[in-house]
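S.K.: You'll find final.txt just under this line, and it carries compact mmCIF, C-alpha atoms.
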```txt
# COMPACT_ATOMS: atom_id res chain seq x y z
CA MET K 1457 11.60 -51.33 23.05
CA LYS K 1458 9.26 -50.84 20.12
CA LYS K 1459 7.24 -48.25 22.10
CA ILE K 1460 10.41 -46.30 22.92
CA PHE K 1461 11.43 -46.32 19.25
CA VAL K 1462 7.99 -45.00 18.17
CA LEU K 1463 8.16 -42.30 20.85
CA LEU K 1464 11.61 -41.20 19.67
CA MET K 1465 10.29 -41.01 16.12
CA LEU K 1466 7.33 -38.90 17.22
CA LEU K 1467 9.19 -36.43 19.44
CA PRO K 1468 10.62 -34.32 16.58
CA MET K 1469 7.17 -34.24 14.94
CA LEU K 1470 5.52 -33.19 18.19
CA ALA K 1471 8.14 -30.50 18.76
CA PHE K 1472 7.67 -29.21 15.22
CA ALA K 1473 3.89 -29.16 15.67
CA GLN K 1474 4.27 -27.27 18.94
CA ARG K 1475 6.57 -24.71 17.31
CA GLY K 1476 4.06 -24.33 14.50
CA LYS K 1477 1.28 -23.85 17.04
CA GLN K 1478 3.28 -21.21 18.89
CA HIS K 1479 4.14 -19.48 15.60
CA ARG K 1480 0.48 -19.39 14.59
CA GLN K 1481 -0.48 -18.06 18.01
CA THR K 1482 1.91 -15.13 17.67
CA GLN K 1483 0.28 -14.30 14.34
CA GLN K 1484 -3.31 -14.21 15.55
CA PRO K 1485 -5.00 -10.78 15.37
CA GLN K 1486 -6.33 -9.28 18.56
CA GLN K 1487 -10.04 -10.03 18.77
CA ASN K 1488 -12.84 -7.58 19.60
CA GLN K 1489 -10.50 -4.61 19.82
CA GLN K 1490 -10.64 -1.39 17.88
CA PRO K 1491 -7.45 -0.30 16.13
CA ARG K 1492 -6.01 3.07 17.05
CA ASN K 1493 -4.04 3.25 13.80
CA VAL K 1494 -4.64 1.91 10.29
CA ILE K 1495 -1.87 1.31 7.75
CA PHE K 1496 -3.40 0.54 4.36
CA ILE K 1497 -0.88 -0.80 1.87
CA VAL K 1498 -1.39 -1.09 -1.90
CA GLY K 1499 0.76 -3.13 -4.23
CA ASP K 1500 -0.14 -1.48 -7.52
CA GLY K 1501 -0.79 -4.20 -10.09
CA MET K 1502 -0.06 -6.94 -7.53
CA GLY K 1503 -2.01 -10.15 -8.10
CA VAL K 1504 -1.64 -13.62 -6.60
CA ALA K 1505 1.13 -14.57 -9.03
CA GLN K 1506 3.17 -11.48 -8.14
CA VAL K 1507 2.79 -12.32 -4.44
CA TYR K 1508 3.68 -15.97 -4.85
CA SER K 1509 6.69 -15.13 -7.01
CA SER K 1510 7.94 -13.01 -4.11
CA ILE K 1511 7.32 -15.78 -1.57
CA VAL K 1512 9.41 -18.11 -3.74
CA SER K 1513 12.14 -15.49 -4.22
CA GLN K 1514 12.37 -14.77 -0.50
CA GLY K 1515 12.63 -18.45 0.39
CA ASP K 1516 10.45 -20.61 2.62
CA ASN K 1517 9.30 -18.85 5.79
CA ASN K 1518 11.17 -15.62 4.97
CA SER K 1519 8.42 -13.76 3.12
CA ALA K 1520 6.57 -10.99 4.95
CA PHE K 1521 3.35 -12.18 3.30
CA LEU K 1522 3.53 -15.33 5.45
CA ARG K 1523 3.29 -13.20 8.59
CA PHE K 1524 -0.34 -12.27 7.93
CA PRO K 1525 -2.90 -14.48 9.72
CA ILE K 1526 -5.90 -13.28 7.69
CA THR K 1527 -6.23 -13.44 3.91
CA GLY K 1528 -8.94 -12.82 1.35
CA PHE K 1529 -9.64 -11.49 -2.13
CA SER K 1530 -10.89 -8.26 -3.69
CA ARG K 1531 -12.92 -7.80 -6.89
CA THR K 1532 -11.57 -4.89 -8.88
CA TYR K 1533 -13.90 -4.00 -11.78
CA SER K 1534 -14.74 -0.31 -12.16
CA ASN K 1535 -18.06 1.47 -12.63
CA ASN K 1536 -17.83 1.29 -16.42
CA ARG K 1537 -15.26 -1.41 -17.25
CA TYR K 1538 -14.63 -5.09 -16.49
CA THR K 1539 -10.95 -4.17 -16.16
CA THR K 1540 -10.21 -1.13 -14.03
CA ASP K 1541 -7.46 1.43 -14.36
CA SER K 1542 -5.54 2.73 -11.35
CA GLY K 1543 -7.71 5.84 -11.05
CA ALA K 1544 -10.93 3.90 -10.60
CA GLY K 1545 -9.22 1.10 -8.68
CA GLY K 1546 -7.57 3.43 -6.20
CA SER K 1547 -10.75 5.49 -5.85
CA ALA K 1548 -12.81 2.41 -4.98
CA LEU K 1549 -10.34 1.35 -2.29
CA MET K 1550 -10.07 4.80 -0.74
CA THR K 1551 -13.63 6.10 -1.06
CA GLY K 1552 -15.93 3.08 -1.10
CA HIS K 1553 -17.42 4.02 -4.50
CA LYS K 1554 -17.03 2.49 -7.94
CA VAL K 1555 -16.14 5.26 -10.42
CA ASP K 1556 -15.42 5.33 -14.14
CA ASN K 1557 -11.93 4.57 -15.39
CA TYR K 1558 -9.59 7.59 -15.25
CA HIS K 1559 -11.71 9.34 -12.62
CA ILE K 1560 -10.22 10.24 -9.24
CA ALA K 1561 -12.76 9.99 -6.38
CA PHE K 1562 -15.20 11.58 -8.82
CA GLY K 1563 -18.63 10.04 -9.45
CA PRO K 1564 -20.48 9.52 -12.74
CA ALA K 1565 -22.62 12.62 -12.06
CA GLY K 1566 -19.73 14.71 -10.80
CA GLU K 1567 -20.02 13.70 -7.13
CA TYR K 1568 -16.97 14.20 -4.90
CA TYR K 1569 -16.22 11.13 -2.79
CA PRO K 1570 -13.93 11.68 0.26
CA SER K 1571 -11.38 9.00 1.14
CA PHE K 1572 -11.36 7.12 4.43
CA LEU K 1573 -8.23 9.08 5.36
CA VAL K 1574 -10.11 12.36 4.99
CA LYS K 1575 -13.11 10.98 6.89
CA ALA K 1576 -10.90 9.61 9.68
CA LYS K 1577 -9.43 13.08 10.14
CA GLN K 1578 -12.86 14.72 10.15
CA MET K 1579 -14.70 12.16 12.29
CA PHE K 1580 -12.06 10.90 14.70
CA GLY K 1581 -9.23 13.43 14.64
CA LYS K 1582 -6.76 10.98 13.10
CA ALA K 1583 -3.52 12.22 11.57
CA ALA K 1584 -3.19 11.10 7.94
CA GLY K 1585 -0.63 10.69 5.20
CA PHE K 1586 0.73 8.63 2.34
CA VAL K 1587 4.04 7.27 1.03
CA VAL K 1588 4.47 6.15 -2.60
CA THR K 1589 7.21 5.23 -5.06
CA CYS K 1590 5.64 7.23 -7.89
CA SER K 1591 4.58 10.84 -8.32
CA VAL K 1592 2.57 12.14 -5.37
CA LEU K 1593 0.03 13.13 -8.04
CA ASP K 1594 -0.39 9.66 -9.50
CA ALA K 1595 -3.73 7.86 -9.35
CA THR K 1596 -3.53 5.98 -6.05
CA PRO K 1597 -2.15 8.78 -3.86
CA ALA K 1598 -4.44 11.29 -5.60
CA ALA K 1599 -7.47 9.18 -4.64
CA THR K 1600 -6.67 9.81 -0.96
CA TYR K 1601 -7.03 13.62 -1.20
CA ALA K 1602 -8.23 14.82 -4.64
CA HIS K 1603 -11.25 14.79 -6.97
CA ALA K 1604 -10.82 14.94 -10.74
CA ALA K 1605 -12.60 13.75 -13.87
CA ASN K 1606 -9.22 12.93 -15.42
CA ARG K 1607 -6.32 11.42 -13.48
CA LYS K 1608 -3.88 13.36 -15.68
CA SER K 1609 -5.16 16.77 -14.46
CA PHE K 1610 -1.94 17.29 -12.53
CA ASP K 1611 -2.25 21.07 -12.14
CA THR K 1612 -5.64 20.66 -10.45
CA ILE K 1613 -4.60 17.63 -8.39
CA SER K 1614 -1.43 19.31 -7.08
CA LEU K 1615 -3.41 22.33 -5.89
CA GLN K 1616 -5.75 20.01 -4.00
CA MET K 1617 -2.82 18.17 -2.47
CA ALA K 1618 -1.29 21.42 -1.21
CA GLN K 1619 -4.58 22.23 0.53
CA CYS K 1620 -5.58 18.78 1.82
CA GLY K 1621 -4.05 19.07 5.28
CA PHE K 1622 -2.47 15.61 5.52
CA GLU K 1623 0.41 15.59 7.99
CA VAL K 1624 2.74 13.50 5.79
CA MET K 1625 3.00 13.27 1.99
CA ILE K 1626 5.99 11.45 0.51
CA GLY K 1627 6.79 10.50 -3.08
CA GLY K 1628 8.25 12.02 -6.22
CA ASP K 1629 7.57 14.83 -8.71
CA LYS K 1630 8.77 18.17 -7.35
CA ASN K 1631 8.62 19.60 -10.89
CA HIS K 1632 4.81 19.71 -11.00
CA PHE K 1633 4.81 22.05 -8.00
CA LEU K 1634 6.93 24.72 -9.71
CA PRO K 1635 5.37 27.48 -11.89
CA ALA K 1636 7.73 26.91 -14.82
CA ASN K 1637 6.40 23.38 -15.33
CA ARG K 1638 2.68 24.17 -15.10
CA HIS K 1639 0.00 25.41 -17.48
CA ASP K 1640 -1.55 27.68 -14.85
CA GLY K 1641 1.74 29.28 -13.71
CA LEU K 1642 0.86 28.74 -10.03
CA ALA K 1643 3.21 27.58 -7.30
CA PRO K 1644 1.66 24.97 -4.99
CA LEU K 1645 5.14 24.49 -3.51
CA ASP K 1646 4.79 27.96 -1.96
CA THR K 1647 1.36 26.97 -0.64
CA LEU K 1648 2.83 23.92 1.06
CA LYS K 1649 5.53 26.02 2.71
CA SER K 1650 3.01 28.64 3.83
CA ARG K 1651 0.91 25.92 5.43
CA GLY K 1652 3.80 24.86 7.63
CA TYR K 1653 5.19 21.85 5.81
CA GLU K 1654 8.84 20.98 6.28
CA MET K 1655 9.99 20.22 2.74
CA ALA K 1656 12.39 17.40 1.88
CA TYR K 1657 13.80 16.93 -1.61
CA ASN K 1658 15.79 13.72 -1.08
CA THR K 1659 15.74 10.74 1.25
CA LEU K 1660 18.57 12.04 3.43
CA ASP K 1661 16.74 15.31 4.10
CA LEU K 1662 13.58 13.35 4.78
CA MET K 1663 15.27 11.31 7.47
CA LYS K 1664 16.50 14.51 9.13
CA ALA K 1665 13.07 16.19 9.08
CA LYS K 1666 11.56 16.91 12.50
CA GLY K 1667 8.39 18.81 11.61
CA ARG K 1668 4.86 17.83 12.57
CA ARG K 1669 3.98 18.32 8.90
CA ILE K 1670 6.34 16.88 6.28
CA CYS K 1671 6.12 16.92 2.49
CA GLY K 1672 8.79 14.85 0.76
CA LEU K 1673 9.06 15.54 -2.97
CA LEU K 1674 12.11 13.33 -3.16
CA THR K 1675 12.76 13.38 -6.91
CA PRO K 1676 12.23 15.97 -9.67
CA ASP K 1677 10.08 13.53 -11.66
CA SER K 1678 9.03 9.98 -10.83
CA PRO K 1679 11.35 8.00 -8.51
CA ALA K 1680 13.84 5.53 -9.95
CA LYS K 1681 13.39 1.77 -10.03
CA ALA K 1682 13.92 -0.19 -6.81
CA MET K 1683 17.44 -1.24 -7.76
CA ASP K 1684 18.44 2.42 -8.09
CA ARG K 1685 16.41 4.29 -5.44
CA GLY K 1686 17.66 2.51 -2.31
CA ARG K 1687 15.25 1.94 0.60
CA MET K 1688 13.11 4.98 -0.14
CA LEU K 1689 9.86 3.06 0.42
CA THR K 1690 10.86 1.54 3.76
CA MET K 1691 12.56 4.66 5.07
CA GLY K 1692 9.71 6.89 3.95
CA SER K 1693 7.17 4.58 5.58
CA LEU K 1694 9.07 4.54 8.89
CA LYS K 1695 9.43 8.33 8.82
CA ALA K 1696 5.69 8.66 8.16
CA ILE K 1697 4.86 6.34 11.08
CA GLU K 1698 7.25 8.22 13.37
CA THR K 1699 5.69 11.55 12.41
CA LEU K 1700 2.04 10.47 12.52
CA ASN K 1701 2.32 8.41 15.69
CA VAL K 1702 2.66 11.51 17.89
CA SER K 1703 -1.04 12.24 17.25
CA ASP K 1704 -3.21 12.00 20.35
CA HIS K 1705 -5.93 10.30 18.29
CA GLY K 1706 -3.92 7.84 16.20
CA PHE K 1707 -3.37 7.87 12.45
CA CYS K 1708 -4.29 6.50 9.03
CA LEU K 1709 -1.45 5.93 6.57
CA MET K 1710 -1.61 4.76 2.96
CA ILE K 1711 1.55 3.19 1.49
CA GLU K 1712 1.91 2.15 -2.14
CA GLY K 1713 4.49 0.00 -3.87
CA SER K 1714 3.75 1.83 -7.10
CA GLN K 1715 6.23 0.35 -9.52
CA ILE K 1716 5.13 -3.28 -9.21
CA ASP K 1717 2.62 -2.16 -11.81
CA TRP K 1718 5.26 -0.56 -14.02
CA ALA K 1719 7.40 -3.70 -13.99
CA CYS K 1720 4.41 -5.79 -15.05
CA HIS K 1721 3.42 -3.34 -17.81
CA ASN K 1722 6.96 -3.79 -19.13
CA ASN K 1723 6.85 -7.61 -18.68
CA ASP K 1724 10.23 -7.18 -16.98
CA SER K 1725 11.01 -10.07 -14.62
CA ALA K 1726 14.10 -8.56 -13.00
CA TYR K 1727 12.27 -5.28 -12.42
CA LEU K 1728 9.36 -7.11 -10.79
CA VAL K 1729 11.61 -9.20 -8.55
CA ALA K 1730 13.34 -6.03 -7.30
CA GLU K 1731 10.07 -4.18 -6.70
CA MET K 1732 8.55 -7.09 -4.80
CA ALA K 1733 11.70 -7.43 -2.66
CA ASP K 1734 11.46 -3.71 -1.89
CA PHE K 1735 7.78 -4.15 -1.02
CA GLU K 1736 8.62 -7.06 1.31
CA ASP K 1737 11.28 -4.97 3.06
CA MET K 1738 8.67 -2.30 3.78
CA LEU K 1739 6.09 -4.88 4.89
CA ASN K 1740 8.46 -6.36 7.44
CA ALA K 1741 9.22 -2.92 8.86
CA VAL K 1742 5.51 -2.06 9.10
CA LEU K 1743 4.60 -5.41 10.66
CA ASP K 1744 7.40 -5.05 13.21
CA PHE K 1745 5.93 -1.71 14.23
CA ALA K 1746 2.38 -3.10 14.34
CA LYS K 1747 3.45 -6.10 16.43
CA GLN K 1748 5.23 -3.88 18.95
CA ASP K 1749 2.45 -1.27 19.02
CA GLY K 1750 -0.42 -3.74 19.42
CA ASN K 1751 -3.06 -1.21 18.35
CA THR K 1752 -2.35 -0.95 14.62
CA LEU K 1753 -4.34 -2.65 11.87
CA VAL K 1754 -2.35 -3.43 8.71
CA VAL K 1755 -4.23 -4.21 5.49
CA VAL K 1756 -2.50 -5.08 2.21
CA THR K 1757 -4.19 -5.41 -1.17
CA ALA K 1758 -3.96 -4.16 -4.78
CA ASP K 1759 -5.95 -1.81 -6.97
CA HIS K 1760 -5.85 -4.36 -9.81
CA GLU K 1761 -3.65 -7.02 -11.35
CA THR K 1762 -1.30 -6.13 -14.20
CA SER K 1763 -0.09 -8.41 -17.04
CA GLY K 1764 -2.13 -11.55 -16.31
CA LEU K 1765 1.07 -13.04 -14.89
CA SER K 1766 1.41 -16.82 -14.71
CA LEU K 1767 4.11 -18.87 -13.01
CA LEU K 1768 4.21 -22.08 -15.05
CA ASP K 1769 7.50 -23.36 -13.72
CA GLY K 1770 10.44 -22.50 -11.50
CA ASN K 1771 12.80 -23.90 -8.88
CA ILE K 1772 11.81 -23.63 -5.23
CA ALA K 1773 15.25 -24.63 -3.92
CA ASN K 1774 16.97 -21.98 -6.03
CA ARG K 1775 14.27 -19.37 -5.37
CA GLN K 1776 13.56 -18.98 -9.07
CA ASN K 1777 10.34 -18.40 -10.99
CA ARG K 1778 9.58 -18.64 -14.69
CA PHE K 1779 7.39 -15.69 -15.59
CA THR K 1780 4.80 -15.95 -18.36
CA TRP K 1781 3.07 -12.70 -19.31
CA ALA K 1782 -0.40 -12.66 -20.90
CA THR K 1783 -0.50 -8.93 -21.66
CA GLY K 1784 1.21 -5.60 -21.12
CA ASN K 1785 -1.99 -4.15 -19.70
CA HIS K 1786 -4.21 -4.66 -16.66
CA SER K 1787 -6.34 -7.76 -16.19
CA GLY K 1788 -9.71 -8.21 -14.50
CA LEU K 1789 -8.45 -10.82 -12.02
CA MET K 1790 -9.30 -10.71 -8.34
CA VAL K 1791 -6.40 -9.59 -6.15
CA PRO K 1792 -5.28 -10.86 -2.73
CA VAL K 1793 -5.96 -9.24 0.64
CA PHE K 1794 -3.82 -9.63 3.77
CA ALA K 1795 -4.60 -8.31 7.25
CA TYR K 1796 -2.91 -8.18 10.65
CA GLY K 1797 -3.86 -6.62 13.98
CA PRO K 1798 -7.08 -5.50 15.68
CA GLY K 1799 -10.03 -6.03 13.37
CA ALA K 1800 -8.06 -8.11 10.86
CA GLU K 1801 -10.69 -10.84 10.80
CA ARG K 1802 -13.08 -8.42 9.06
CA PHE K 1803 -10.98 -8.72 5.88
CA SER K 1804 -11.34 -12.47 5.39
CA GLY K 1805 -13.35 -13.68 2.39
CA ILE K 1806 -14.11 -12.23 -1.03
CA HIS K 1807 -14.73 -8.48 -0.98
CA GLN K 1808 -15.67 -5.77 -3.36
CA ASN K 1809 -12.88 -3.20 -3.59
CA THR K 1810 -15.42 -0.71 -2.24
CA ASP K 1811 -15.80 -2.62 1.07
CA PHE K 1812 -12.54 -1.48 2.68
CA TYR K 1813 -13.69 2.11 3.21
CA GLY K 1814 -16.70 1.11 5.29
CA ILE K 1815 -14.93 -1.61 7.25
CA ILE K 1816 -12.08 0.70 8.25
CA LEU K 1817 -14.34 3.57 9.34
CA ASP K 1818 -16.56 1.12 11.23
CA LEU K 1819 -13.55 -0.26 13.09
CA LEU K 1820 -12.39 3.25 13.98
CA LYS K 1821 -15.76 4.32 15.44
```
Let me see the structure of the file written as structure tokens.
M.R.:
Amino acid sequence: MKKIFVLLMLLPMLAFAQRGKQHRQTQQPQQNQQPRNVIFIVGDGMGVAQVYSSIVSQGDNNSAFLRFPITGFSRTYSNNRYTTDSGAGGSALMTGHKVDNYHIAFGPAGEYYPSFLVKAKQMFGKAAGFVVTCSVLDATPAATYAHAANRKSFDTISLQMAQCGFEVMIGGDKNHFLPANRHDGLAPLDTLKSRGYEMAYNTLDLMKAKGRRICGLLTPDSPAKAMDRGRMLTMGSLKAIETLNVSDHGFCLMIEGSQIDWACHNNDSAYLVAEMADFEDMLNAVLDFAKQDGNTLVVVTADHETSGLSLLDGNIANRQNRFTWATGNHSGLMVPVFAYGPGAERFSGIHQNTDFYGIILDLLK
């Protein structure tokens, strides 16, 4: 009788362990297989505290971050500062080179460093693109296609974007492409049209776009906060995947949750919660695609941490965090790395932010 009682007590535990084992098995990356596609995702300003606050807010087992089987860290210092800015941070991630703060893929001696998206197009014929919730000329997207000694050189950066040849470019800031709003009086918007881009100026038009080349300048200036812009990030990411995935040689896509950084600069808890929820919505959509596709590597990290955020208390049951902000600026903290899909195991451990470039191109060889 006692043995039967012990067995009955153990059965639920065994069943739970088996479910956990099966769940872990579904998460395991495919071993010894090259990815056809790479989706590289940046949470601007997103450190460990920002991630954990989102896991708490989403509730146990609901967070997209818990779907990643491989995790690690990235060291973010720039070529000339302990604490990087987004220009140097984004440049290191995209190009594999440490540069000075405020530089965009531009070395200390004026070297031009191409991004892994550019190299993947040149070397392997990959289609390429980006989706962001900031200006398409901001630091992180600019690091994928441009070279500048100052990240605020928007006239120069916009001309380079119009010529870069990426198949998909989605974000905000139509105004910087119009002559009336520029110092040089040029019209890179006309260049984009002449190069065969289907233009979209709002999310609805973007969803209707059918072109093989799409440029979505979805807002006149920077996009609104998450609570006001709808599912622009998720919808833009899915449209980019749909457009790029017709390539015979696969694709490389960079996605940025840009305004996580802005929320942290403002020390605004509600703003951060909304941006992280928006980021999670996009992550789930991307992971669903990658799981179904089976040949897509997904890597998530940050260019730096913003605000030195601490979570000193909260309520797990009520999905609440108590945010404590150390600063309104960037910090020098390491940032988390998450990976899923073929080659994901290469992203485990503590990395330099310059390592991702080489790992991705090596996996695509």
S.K.: Return the single residue from K:Asn1785, K:Asn1809, K:Asn1723, K:Asn1777 that is closest to Gln1514 of chain K, with distances computed using all atoms listed in the file.
M.R.: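 Result for the nearest residue to Gln1514 of chain K: K:Asn1777.
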S.K.: Skipping near chain neighbours, those fewer than 2 positions away, what residues fall within 9 Å of segment 1691-1706 of chain K using only C-alpha atoms, listed as a PyMOL selection string?
M.R.: chain K and resi 1491-1494+1580-1588+1623-1627+1659+1662-1663+1665-1670+1672+1687-1689+1708-1709+1711+1738+1741-1742+1745
S.K.: What does the structure give for the distance between atom CA of Phe1622 of chain K and atom CA of Lys1649 of chain K, in Å to one decimal?
M.R.: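 Going from atom CA of Phe1622 of chain K over to atom CA of Lys1649 of chain K, I get 13.4 Å.
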S.K.: Which residue gives the smallest distance to Leu1817 of chain K among K:His1603, K:Lys1577, K:Lys1554, K:His1721, with all atoms listed in the file counted?
M.R.: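 Nearest to Leu1817 of chain K: K:Lys1577.
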S.K.: May I ask which of the residues K:Ile1806, K:Ala1682, K:Val1793, K:Leu1573 is the closest one to Phe1707 of chain K, counting all atoms listed in the file?
M.R.: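 For Phe1707 of chain K, the nearest of the given residues is K:Leu1573.
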S.K.: Separation of atom CA of Gly1652 of chain K and atom CA of Thr1551 of chain K, in Å?
M.R.: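 Interatomic distance, atom CA of Gly1652 of chain K to atom CA of Thr1551 of chain K: 27.0 Å.
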S.K.: Residues at most 10 Å from Ser1509 of chain K, counting only C-alpha atoms, excluding those fewer than 6 positions away in the same chain, as a VMD selection string?
M.R.: chain K and resid 1728 to 1729 1732 1765 to 1767 1770 1775 to 1779
S.K.: Please produce a file of the residues just selected, as an mmCIF file, in the frame of the given file, where the atoms kept are C-alpha atoms.
M.R.:
```cif
data_model
loop_
_atom_site.group_PDB
_atom_site.id
_atom_site.type_symbol
_atom_site.label_atom_id
_atom_site.label_comp_id
_atom_site.auth_asym_id
_atom_site.auth_seq_id
_atom_site.Cartn_x
_atom_site.Cartn_y
_atom_site.Cartn_z
ATOM 1 C CA LEU K 1728 9.360 -7.110 -10.790
ATOM 2 C CA VAL K 1729 11.610 -9.200 -8.550
ATOM 3 C CA MET K 1732 8.550 -7.090 -4.800
ATOM 4 C CA LEU K 1765 1.070 -13.040 -14.890
ATOM 5 C CA SER K 1766 1.410 -16.820 -14.710
ATOM 6 C CA LEU K 1767 4.110 -18.870 -13.010
ATOM 7 C CA GLY K 1770 10.440 -22.500 -11.500
ATOM 8 C CA ARG K 1775 14.270 -19.370 -5.370
ATOM 9 C CA GLN K 1776 13.560 -18.980 -9.070
ATOM 10 C CA ASN K 1777 10.340 -18.400 -10.990
ATOM 11 C CA ARG K 1778 9.580 -18.640 -14.690
ATOM 12 C CA PHE K 1779 7.390 -15.690 -15.590
#
```
S.K.: Name the residues in contact with Phe1572 of chain K at a cut-off of 12 Å, using all atoms listed in the file, excluding same-chain residues fewer than 6 positions from it; report them as a short mmCIF file (atom, residue, chain, number, x, y, z; two decimals) with C-alpha atoms, in the coordinates of the input.
M.R.:
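So the final result, stored in around_7.cif, reads:
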```
data_model
loop_
_atom_site.label_atom_id
_atom_site.label_comp_id
_atom_site.auth_asym_id
_atom_site.auth_seq_id
_atom_site.Cartn_x
_atom_site.Cartn_y
_atom_site.Cartn_z
CA VAL K 1494 -4.64 1.91 10.29
CA ILE K 1495 -1.87 1.31 7.75
CA PHE K 1496 -3.40 0.54 4.36
CA GLY K 1546 -7.57 3.43 -6.20
CA SER K 1547 -10.75 5.49 -5.85
CA ALA K 1548 -12.81 2.41 -4.98
CA LEU K 1549 -10.34 1.35 -2.29
CA MET K 1550 -10.07 4.80 -0.74
CA THR K 1551 -13.63 6.10 -1.06
CA GLY K 1552 -15.93 3.08 -1.10
CA HIS K 1553 -17.42 4.02 -4.50
CA ALA K 1561 -12.76 9.99 -6.38
CA GLN K 1578 -12.86 14.72 10.15
CA MET K 1579 -14.70 12.16 12.29
CA PHE K 1580 -12.06 10.90 14.70
CA LYS K 1582 -6.76 10.98 13.10
CA ALA K 1583 -3.52 12.22 11.57
CA ALA K 1584 -3.19 11.10 7.94
CA GLY K 1585 -0.63 10.69 5.20
CA ALA K 1599 -7.47 9.18 -4.64
CA THR K 1600 -6.67 9.81 -0.96
CA TYR K 1601 -7.03 13.62 -1.20
CA PHE K 1707 -3.37 7.87 12.45
CA CYS K 1708 -4.29 6.50 9.03
CA LEU K 1709 -1.45 5.93 6.57
CA MET K 1710 -1.61 4.76 2.96
CA THR K 1810 -15.42 -0.71 -2.24
CA ASP K 1811 -15.80 -2.62 1.07
CA PHE K 1812 -12.54 -1.48 2.68
CA TYR K 1813 -13.69 2.11 3.21
CA GLY K 1814 -16.70 1.11 5.29
CA ILE K 1815 -14.93 -1.61 7.25
CA ILE K 1816 -12.08 0.70 8.25
CA LEU K 1817 -14.34 3.57 9.34
CA ASP K 1818 -16.56 1.12 11.23
CA LEU K 1819 -13.55 -0.26 13.09
CA LEU K 1820 -12.39 3.25 13.98
#
```
S.K.: Closest to Asp1500 of chain K among K:Thr1757, K:Thr1780, K:Asn1740, K:Ser1678, using all atoms listed in the file?
M.R.: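 Of all the options, K:Thr1757 lies closest to Asp1500 of chain K.
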S.K.: Atom CA of Glu1712 of chain K and atom CA of Gly1621 of chain K, how far apart in Å?
M.R.: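 Answer for the atom CA of Gly1621 of chain K to atom CA of Glu1712 of chain K separation: 19.4 Å.
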S.K.: Out of K:Arg1651, K:Thr1612, K:Glu1731, K:Asn1536, which residue has the shortest atom-to-atom distance to His1639 of chain K when counting only C-alpha atoms?
M.R.: K:Thr1612
S.K.: Counting all atoms listed in the file, which residues come within 10 Å of (-4.4, -12.9, 8.0), with the point read in the file's coordinates, and could you list them as number ranges by chain?
M.R.: K: 1483-1485, 1521-1528, 1754-1756, 1793-1797, 1800-1804
S.K.: From the list K:Thr1589, K:Pro1635, K:Asn1722, K:Asp1759, which residue is nearest Ala1680 of chain K when using all atoms listed in the file?
M.R.: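 Going through K:Thr1589, K:Pro1635, K:Asn1722, K:Asp1759 one by one, the smallest distance to Ala1680 of chain K is for K:Thr1589.
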